[in-house]
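One file, data27.pdb, carrying PDB, C-alpha atoms, pLDDT in the B column:
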```pdb
ATOM      1  CA  MET A   1      40.123 -24.754   8.776  1.00 39.00           C
ATOM      2  CA  TYR A   2      40.227 -22.318  11.680  1.00 43.00           C
ATOM      3  CA  ALA A   3      38.847 -18.798  11.402  1.00 47.00           C
ATOM      4  CA  VAL A   4      41.337 -16.038  12.053  1.00 42.00           C
ATOM      5  CA  GLN A   5      40.894 -14.664  15.565  1.00 51.00           C
ATOM      6  CA  PRO A   6      41.035 -10.900  16.091  1.00 63.00           C
ATOM      7  CA  GLU A   7      44.006  -9.556  18.056  1.00 89.00           C
ATOM      8  CA  THR A   8      43.452  -9.102  21.782  1.00 86.00           C
ATOM      9  CA  ASN A   9      43.597  -5.309  21.488  1.00 87.00           C
ATOM     10  CA  GLU A  10      40.893  -5.398  18.831  1.00 90.00           C
ATOM     11  CA  LEU A  11      38.759  -7.660  21.016  1.00 90.00           C
ATOM     12  CA  VAL A  12      39.142  -5.217  23.908  1.00 90.00           C
ATOM     13  CA  SER A  13      38.100  -2.344  21.625  1.00 91.00           C
ATOM     14  CA  GLN A  14      35.081  -4.315  20.451  1.00 92.00           C
ATOM     15  CA  GLY A  15      34.241  -5.197  24.049  1.00 90.00           C
ATOM     16  CA  ARG A  16      34.274  -1.524  24.992  1.00 92.00           C
ATOM     17  CA  ARG A  17      31.592  -1.067  22.346  1.00 92.00           C
ATOM     18  CA  GLY A  18      29.558  -3.885  23.937  1.00 90.00           C
ATOM     19  CA  ASP A  19      30.210  -6.612  21.370  1.00 91.00           C
ATOM     20  CA  PRO A  20      29.231  -9.933  23.061  1.00 91.00           C
ATOM     21  CA  ARG A  21      31.353 -11.980  20.618  1.00 93.00           C
ATOM     22  CA  SER A  22      34.488 -10.213  21.836  1.00 92.00           C
ATOM     23  CA  PHE A  23      33.643 -11.093  25.444  1.00 93.00           C
ATOM     24  CA  ARG A  24      33.261 -14.750  24.513  1.00 93.00           C
ATOM     25  CA  LEU A  25      36.555 -14.785  22.594  1.00 93.00           C
ATOM     26  CA  LEU A  26      38.455 -13.043  25.398  1.00 94.00           C
ATOM     27  CA  TYR A  27      37.007 -15.509  27.882  1.00 95.00           C
ATOM     28  CA  GLN A  28      38.022 -18.463  25.721  1.00 94.00           C
ATOM     29  CA  GLN A  29      41.507 -17.042  25.306  1.00 93.00           C
ATOM     30  CA  TYR A  30      42.199 -16.382  29.002  1.00 94.00           C
ATOM     31  CA  ALA A  31      39.865 -18.551  31.112  1.00 95.00           C
ATOM     32  CA  ARG A  32      42.129 -21.566  31.538  1.00 94.00           C
ATOM     33  CA  ALA A  33      45.204 -19.584  32.581  1.00 93.00           C
ATOM     34  CA  MET A  34      43.188 -17.385  34.946  1.00 95.00           C
ATOM     35  CA  PHE A  35      41.462 -20.413  36.491  1.00 95.00           C
ATOM     36  CA  ASN A  36      44.855 -22.022  37.106  1.00 92.00           C
ATOM     37  CA  THR A  37      46.117 -18.804  38.707  1.00 91.00           C
ATOM     38  CA  ALA A  38      43.138 -18.680  41.075  1.00 93.00           C
ATOM     39  CA  LEU A  39      43.359 -22.405  41.843  1.00 91.00           C
ATOM     40  CA  ARG A  40      47.047 -22.190  42.745  1.00 86.00           C
ATOM     41  CA  ILE A  41      46.299 -19.407  45.204  1.00 87.00           C
ATOM     42  CA  VAL A  42      43.052 -20.567  46.826  1.00 88.00           C
ATOM     43  CA  GLY A  43      43.592 -24.326  46.452  1.00 86.00           C
ATOM     44  CA  ASN A  44      39.910 -25.056  45.910  1.00 87.00           C
ATOM     45  CA  ARG A  45      38.254 -25.675  42.528  1.00 91.00           C
ATOM     46  CA  ALA A  46      34.863 -24.257  43.496  1.00 93.00           C
ATOM     47  CA  ASP A  47      36.390 -21.050  44.851  1.00 93.00           C
ATOM     48  CA  ALA A  48      38.652 -20.768  41.796  1.00 94.00           C
ATOM     49  CA  GLU A  49      35.640 -21.103  39.484  1.00 96.00           C
ATOM     50  CA  ASP A  50      33.784 -18.383  41.395  1.00 95.00           C
ATOM     51  CA  ILE A  51      36.826 -16.115  41.307  1.00 95.00           C
ATOM     52  CA  LEU A  52      37.213 -16.698  37.577  1.00 96.00           C
ATOM     53  CA  GLN A  53      33.625 -15.678  36.876  1.00 96.00           C
ATOM     54  CA  GLU A  54      33.794 -12.630  39.144  1.00 95.00           C
ATOM     55  CA  ALA A  55      37.102 -11.524  37.629  1.00 96.00           C
ATOM     56  CA  PHE A  56      35.776 -11.701  34.076  1.00 96.00           C
ATOM     57  CA  LEU A  57      32.605  -9.863  35.055  1.00 95.00           C
ATOM     58  CA  ASP A  58      34.647  -7.112  36.700  1.00 95.00           C
ATOM     59  CA  ALA A  59      37.021  -6.921  33.755  1.00 94.00           C
ATOM     60  CA  PHE A  60      34.227  -6.703  31.199  1.00 94.00           C
ATOM     61  CA  ARG A  61      32.329  -4.108  33.248  1.00 92.00           C
ATOM     62  CA  ASN A  62      35.479  -2.024  33.604  1.00 92.00           C
ATOM     63  CA  LEU A  63      37.083  -2.307  30.167  1.00 91.00           C
ATOM     64  CA  ASP A  64      37.110   1.484  29.996  1.00 90.00           C
ATOM     65  CA  ARG A  65      39.555   1.446  32.930  1.00 90.00           C
ATOM     66  CA  PHE A  66      41.996  -0.780  31.051  1.00 88.00           C
ATOM     67  CA  SER A  67      44.645   1.723  30.006  1.00 86.00           C
ATOM     68  CA  GLY A  68      46.679  -0.534  27.767  1.00 82.00           C
ATOM     69  CA  GLU A  69      49.881   0.179  29.711  1.00 84.00           C
ATOM     70  CA  SER A  70      50.166  -3.574  30.246  1.00 84.00           C
ATOM     71  CA  THR A  71      48.726  -6.461  28.288  1.00 88.00           C
ATOM     72  CA  PHE A  72      45.095  -7.360  28.792  1.00 91.00           C
ATOM     73  CA  GLY A  73      46.236 -10.719  30.202  1.00 90.00           C
ATOM     74  CA  ALA A  74      48.433  -9.045  32.813  1.00 88.00           C
ATOM     75  CA  TRP A  75      45.615  -6.689  33.774  1.00 91.00           C
ATOM     76  CA  LEU A  76      43.164  -9.582  34.072  1.00 94.00           C
ATOM     77  CA  ARG A  77      45.672 -11.659  36.050  1.00 92.00           C
ATOM     78  CA  GLN A  78      46.002  -8.819  38.542  1.00 91.00           C
ATOM     79  CA  ILE A  79      42.216  -8.841  39.011  1.00 94.00           C
ATOM     80  CA  VAL A  80      42.273 -12.628  39.525  1.00 95.00           C
ATOM     81  CA  VAL A  81      45.140 -12.428  42.036  1.00 91.00           C
ATOM     82  CA  PHE A  82      43.441  -9.711  44.092  1.00 90.00           C
ATOM     83  CA  LYS A  83      40.112 -11.552  44.057  1.00 93.00           C
ATOM     84  CA  SER A  84      41.919 -14.730  45.137  1.00 91.00           C
ATOM     85  CA  ILE A  85      43.669 -12.951  47.986  1.00 87.00           C
ATOM     86  CA  ASN A  86      40.376 -11.375  49.060  1.00 86.00           C
ATOM     87  CA  GLN A  87      38.789 -14.830  49.078  1.00 87.00           C
ATOM     88  CA  LEU A  88      41.571 -16.085  51.353  1.00 81.00           C
ATOM     89  CA  LYS A  89      41.147 -13.085  53.633  1.00 78.00           C
ATOM     90  CA  LYS A  90      37.431 -13.853  53.920  1.00 79.00           C
ATOM     91  CA  LYS A  91      38.445 -17.333  55.031  1.00 73.00           C
ATOM     92  CA  LYS A  92      40.915 -15.861  57.500  1.00 66.00           C
ATOM     93  CA  LEU A  93      44.264 -16.409  55.786  1.00 56.00           C
ATOM     94  CA  VAL A  94      46.881 -16.475  58.491  1.00 51.00           C
ATOM     95  CA  LEU A  95      50.506 -15.641  57.825  1.00 53.00           C
ATOM     96  CA  ILE A  96      52.846 -16.169  60.707  1.00 49.00           C
ATOM     97  CA  GLU A  97      54.423 -12.862  61.688  1.00 48.00           C
ATOM     98  CA  GLY A  98      57.851 -13.088  63.157  1.00 47.00           C
ATOM     99  CA  PRO A  99      61.507 -12.575  62.562  1.00 46.00           C
ATOM    100  CA  TRP A 100      63.170 -14.087  59.565  1.00 42.00           C
ATOM    101  CA  ASP A 101      64.689 -17.363  60.727  1.00 45.00           C
ATOM    102  CA  GLY A 102      68.027 -16.775  59.010  1.00 42.00           C
ATOM    103  CA  VAL A 103      68.162 -19.863  56.829  1.00 44.00           C
ATOM    104  CA  PRO A 104      71.576 -19.663  55.192  1.00 40.00           C
ATOM    105  CA  PRO A 105      71.639 -19.527  51.377  1.00 43.00           C
ATOM    106  CA  GLU A 106      73.314 -22.933  51.092  1.00 47.00           C
ATOM    107  CA  ASP A 107      70.262 -24.477  52.807  1.00 51.00           C
ATOM    108  CA  ASP A 108      67.939 -22.764  50.327  1.00 48.00           C
ATOM    109  CA  PRO A 109      66.194 -25.566  48.386  1.00 51.00           C
ATOM    110  CA  ASP A 110      65.786 -23.488  45.183  1.00 50.00           C
ATOM    111  CA  LEU A 111      68.207 -25.607  43.221  1.00 42.00           C
ATOM    112  CA  GLU A 112      66.488 -28.848  44.159  1.00 49.00           C
ATOM    113  CA  VAL A 113      62.980 -27.474  43.578  1.00 47.00           C
ATOM    114  CA  GLU A 114      63.916 -26.555  40.019  1.00 46.00           C
ATOM    115  CA  THR A 115      64.735 -30.180  39.214  1.00 44.00           C
ATOM    116  CA  TYR A 116      61.192 -31.405  39.770  1.00 44.00           C
ATOM    117  CA  ARG A 117      58.438 -31.322  37.225  1.00 61.00           C
ATOM    118  CA  VAL A 118      55.957 -28.503  37.419  1.00 62.00           C
ATOM    119  CA  ARG A 119      53.087 -30.972  37.880  1.00 69.00           C
ATOM    120  CA  GLN A 120      54.752 -32.512  40.933  1.00 75.00           C
ATOM    121  CA  ILE A 121      55.259 -29.072  42.396  1.00 74.00           C
ATOM    122  CA  ARG A 122      51.664 -28.027  41.718  1.00 74.00           C
ATOM    123  CA  ASP A 123      50.304 -31.246  43.254  1.00 80.00           C
ATOM    124  CA  ALA A 124      52.514 -30.857  46.308  1.00 85.00           C
ATOM    125  CA  LEU A 125      51.622 -27.162  46.532  1.00 85.00           C
ATOM    126  CA  GLN A 126      47.994 -28.103  47.174  1.00 85.00           C
ATOM    127  CA  GLN A 127      49.089 -29.910  50.343  1.00 89.00           C
ATOM    128  CA  LEU A 128      50.665 -26.821  51.896  1.00 89.00           C
ATOM    129  CA  SER A 129      49.010 -24.508  54.383  1.00 88.00           C
ATOM    130  CA  THR A 130      47.169 -21.587  52.846  1.00 87.00           C
ATOM    131  CA  GLY A 131      49.886 -19.093  53.799  1.00 88.00           C
ATOM    132  CA  PHE A 132      52.720 -21.116  52.293  1.00 90.00           C
ATOM    133  CA  ARG A 133      50.702 -21.963  49.173  1.00 89.00           C
ATOM    134  CA  THR A 134      49.719 -18.344  48.586  1.00 88.00           C
ATOM    135  CA  VAL A 135      53.218 -16.920  48.892  1.00 90.00           C
ATOM    136  CA  LEU A 136      54.799 -19.677  46.809  1.00 88.00           C
ATOM    137  CA  SER A 137      52.128 -19.457  44.111  1.00 86.00           C
ATOM    138  CA  LEU A 138      52.494 -15.703  43.786  1.00 88.00           C
ATOM    139  CA  TYR A 139      56.274 -15.990  43.654  1.00 87.00           C
ATOM    140  CA  LEU A 140      56.907 -19.162  41.643  1.00 82.00           C
ATOM    141  CA  PHE A 141      53.980 -19.170  39.234  1.00 80.00           C
ATOM    142  CA  GLU A 142      52.762 -15.584  39.021  1.00 83.00           C
ATOM    143  CA  GLY A 143      56.164 -13.906  39.005  1.00 82.00           C
ATOM    144  CA  TYR A 144      55.649 -11.432  41.853  1.00 86.00           C
ATOM    145  CA  ASP A 145      58.670 -10.525  43.967  1.00 87.00           C
ATOM    146  CA  HIS A 146      58.668 -10.479  47.774  1.00 88.00           C
ATOM    147  CA  GLU A 147      57.960  -6.732  48.004  1.00 87.00           C
ATOM    148  CA  GLU A 148      54.984  -7.026  45.660  1.00 87.00           C
ATOM    149  CA  ILE A 149      53.621  -9.998  47.587  1.00 89.00           C
ATOM    150  CA  ALA A 150      53.992  -8.110  50.864  1.00 87.00           C
ATOM    151  CA  GLY A 151      51.984  -5.251  49.355  1.00 86.00           C
ATOM    152  CA  ILE A 152      49.289  -7.551  47.987  1.00 83.00           C
ATOM    153  CA  LEU A 153      48.893  -9.383  51.295  1.00 85.00           C
ATOM    154  CA  GLY A 154      49.355  -6.324  53.488  1.00 85.00           C
ATOM    155  CA  VAL A 155      52.140  -7.862  55.568  1.00 86.00           C
ATOM    156  CA  ALA A 156      55.800  -7.134  56.219  1.00 90.00           C
ATOM    157  CA  HIS A 157      58.445  -8.103  53.671  1.00 88.00           C
ATOM    158  CA  ALA A 158      60.147 -10.234  56.342  1.00 90.00           C
ATOM    159  CA  THR A 159      56.916 -12.198  56.828  1.00 90.00           C
ATOM    160  CA  VAL A 160      56.740 -12.976  53.130  1.00 90.00           C
ATOM    161  CA  ARG A 161      60.403 -13.986  53.072  1.00 91.00           C
ATOM    162  CA  THR A 162      59.904 -16.304  56.058  1.00 92.00           C
ATOM    163  CA  GLN A 163      56.761 -17.859  54.563  1.00 91.00           C
ATOM    164  CA  TYR A 164      58.586 -18.306  51.260  1.00 91.00           C
ATOM    165  CA  ILE A 165      61.608 -20.054  52.787  1.00 92.00           C
ATOM    166  CA  ARG A 166      59.589 -22.260  55.124  1.00 92.00           C
ATOM    167  CA  GLY A 167      57.023 -23.021  52.422  1.00 90.00           C
ATOM    168  CA  LYS A 168      59.708 -24.000  49.924  1.00 89.00           C
ATOM    169  CA  LYS A 169      61.329 -26.252  52.470  1.00 91.00           C
ATOM    170  CA  ARG A 170      58.007 -27.963  53.249  1.00 91.00           C
ATOM    171  CA  LEU A 171      57.183 -28.214  49.532  1.00 88.00           C
ATOM    172  CA  LEU A 172      60.448 -30.009  48.889  1.00 86.00           C
ATOM    173  CA  GLU A 173      59.772 -32.391  51.802  1.00 89.00           C
ATOM    174  CA  ILE A 174      56.356 -33.287  50.345  1.00 87.00           C
ATOM    175  CA  ILE A 175      57.888 -33.891  46.914  1.00 83.00           C
ATOM    176  CA  LYS A 176      60.672 -36.060  48.334  1.00 83.00           C
ATOM    177  CA  GLU A 177      58.079 -38.046  50.318  1.00 83.00           C
ATOM    178  CA  GLY A 178      56.368 -38.816  47.038  1.00 76.00           C
ATOM    179  CA  GLY A 179      53.535 -36.350  47.457  1.00 58.00           C
ATOM    180  CA  SER A 180      51.934 -38.064  50.423  1.00 51.00           C
ATOM    181  CA  LYS A 181      50.347 -36.001  53.141  1.00 50.00           C
TER     182      LYS A 181
END
```
Before anything else, please render the file you have as structure tokens.
Amino acid sequence: MYAVQPETNELVSQGRRGDPRSFRLLYQQYARAMFNTALRIVGNRADAEDILQEAFLDAFRNLDRFSGESTFGAWLRQIVVFKSINQLKKKKLVLIEGPWDGVPPEDDPDLEVETYRVRQIRDALQQLSTGFRTVLSLYLFEGYDHEEIAGILGVAHATVRTQYIRGKKRLLEIIKEGGSK
């Protein structure tokens, strides 16, 4: 029989008091999802593992800054996303600046992308350039909109939109090719 786990808010309260058990339980509850978030953005397991550890350390050190206005998971995810983006910036993430290429809505592959399994999309996503993968991951999997992504990356909204459209198009090509490089 499983022991009843304390609610997340209670674990956060216990963590603020320095309870090591609460840290372990919070880690167990969120580690997998946060690792997957980092991996989708950086595309490298070793970097994602480092980001995961750093994010949890920062979160646990700064629990007093967690206001409770959002869920703990959302707050932690934001830490993971920013650490992931910083990791990409250290590795010289390059987004192509330029005018939006005016792809008409009927050429937008959204409808086709939705028909594929998430696993196929995630596997194909790893084959994209860092810029495409980052924008698509933040949009498709993390739920950020184009304005939020532009703010996170420090680029123009039009750049994000262009990367999103071109990245989606390339993603669909990889999927249709059977995932081959």
### Task
Apply the PyMOL selection byres ((chain A and resi 149) around 12) to the displayed file and report the matching residues as a ChimeraX atom specification.
/A:78,81-82,85,131,134-140,142-148,150-161,163-164
Deliver the residues from the most recent selection as a file, using C-alpha atoms, as a PDB file, in the frame of the given file.
```pdb
ATOM      1  CA  GLN A  78      46.002  -8.819  38.542  1.00 91.00           C
ATOM      2  CA  VAL A  81      45.140 -12.428  42.036  1.00 91.00           C
ATOM      3  CA  PHE A  82      43.441  -9.711  44.092  1.00 90.00           C
ATOM      4  CA  ILE A  85      43.669 -12.951  47.986  1.00 87.00           C
ATOM      5  CA  GLY A 131      49.886 -19.093  53.799  1.00 88.00           C
ATOM      6  CA  THR A 134      49.719 -18.344  48.586  1.00 88.00           C
ATOM      7  CA  VAL A 135      53.218 -16.920  48.892  1.00 90.00           C
ATOM      8  CA  LEU A 136      54.799 -19.677  46.809  1.00 88.00           C
ATOM      9  CA  SER A 137      52.128 -19.457  44.111  1.00 86.00           C
ATOM     10  CA  LEU A 138      52.494 -15.703  43.786  1.00 88.00           C
ATOM     11  CA  TYR A 139      56.274 -15.990  43.654  1.00 87.00           C
ATOM     12  CA  LEU A 140      56.907 -19.162  41.643  1.00 82.00           C
ATOM     13  CA  GLU A 142      52.762 -15.584  39.021  1.00 83.00           C
ATOM     14  CA  GLY A 143      56.164 -13.906  39.005  1.00 82.00           C
ATOM     15  CA  TYR A 144      55.649 -11.432  41.853  1.00 86.00           C
ATOM     16  CA  ASP A 145      58.670 -10.525  43.967  1.00 87.00           C
ATOM     17  CA  HIS A 146      58.668 -10.479  47.774  1.00 88.00           C
ATOM     18  CA  GLU A 147      57.960  -6.732  48.004  1.00 87.00           C
ATOM     19  CA  GLU A 148      54.984  -7.026  45.660  1.00 87.00           C
ATOM     20  CA  ALA A 150      53.992  -8.110  50.864  1.00 87.00           C
ATOM     21  CA  GLY A 151      51.984  -5.251  49.355  1.00 86.00           C
ATOM     22  CA  ILE A 152      49.289  -7.551  47.987  1.00 83.00           C
ATOM     23  CA  LEU A 153      48.893  -9.383  51.295  1.00 85.00           C
ATOM     24  CA  GLY A 154      49.355  -6.324  53.488  1.00 85.00           C
ATOM     25  CA  VAL A 155      52.140  -7.862  55.568  1.00 86.00           C
ATOM     26  CA  ALA A 156      55.800  -7.134  56.219  1.00 90.00           C
ATOM     27  CA  HIS A 157      58.445  -8.103  53.671  1.00 88.00           C
ATOM     28  CA  ALA A 158      60.147 -10.234  56.342  1.00 90.00           C
ATOM     29  CA  THR A 159      56.916 -12.198  56.828  1.00 90.00           C
ATOM     30  CA  VAL A 160      56.740 -12.976  53.130  1.00 90.00           C
ATOM     31  CA  ARG A 161      60.403 -13.986  53.072  1.00 91.00           C
ATOM     32  CA  GLN A 163      56.761 -17.859  54.563  1.00 91.00           C
ATOM     33  CA  TYR A 164      58.586 -18.306  51.260  1.00 91.00           C
TER      34      TYR A 164
END
```
### Task
Could you please determine the separation between CA of Asn44 (chain A) and CA of Ala31 (chain A) in Å, to one decimal place?
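Between these atoms lies a distance of 16.2 Å.
Closest approach to Leu128 (chain A) from the set A:Glu69, A:Glu7, A:Glu54, A:Glu173 is made by A:Glu173, with distances taken over all atoms listed in the file.
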### Task
List every protein, DNA or RNA residue with an atom no more than 12 Å from (37.8, -5.9, 24.5) in the file's coordinates, counting all atoms listed in the file, and format the result as a PyMOL selection string.
chain A and resi 6-27+29+56+59-68+71-73+76
### Task
Apply the PyMOL selection byres ((chain A and resi 34) around 8) to the file shown and report the selected residues as a list of chain:residue names.
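Given this file, the PyMOL selection byres ((chain A and resi 34) around 8) evaluates to A:Tyr30, A:Ala31, A:Arg32, A:Ala33, A:Phe35, A:Asn36, A:Thr37, A:Ala38, A:Leu52, A:Leu76, A:Arg77, A:Val80.
Here the PyMOL selection byres ((chain A and resi 127) around 12) matches the residues A:Arg40, A:Val42, A:Gly43, A:Asn44, A:Gln120, A:Ile121, A:Arg122, A:Asp123, A:Ala124, A:Leu125, A:Gln126, A:Leu128, A:Ser129, A:Thr130, A:Gly131, A:Phe132, A:Arg133, A:Thr134, A:Gly167, A:Arg170, A:Leu171, A:Leu172, A:Glu173, A:Ile174, A:Ile175, A:Gly178, A:Gly179, A:Ser180, A:Lys181.
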### Message
Quick check, in Å to one decimal: how far apart do CA of Lys169 (chain A) and CA of Gln87 (chain A) lie?
### Response
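Distance reported for this atom pair: 25.5 Å.
Relative to CA of Ala46 (chain A), CA of Gln28 (chain A) is found at 19.0 Å.
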Emit as JSON the padded axis-aligned box for all listed atoms of region 12-23 of chain A, 3 Å per side, with centre and edge lengths in Å to one decimal.
```
{"center_x": 34.2, "center_y": -6.5, "center_z": 22.9, "size_x": 15.9, "size_y": 16.9, "size_z": 11.0}
```
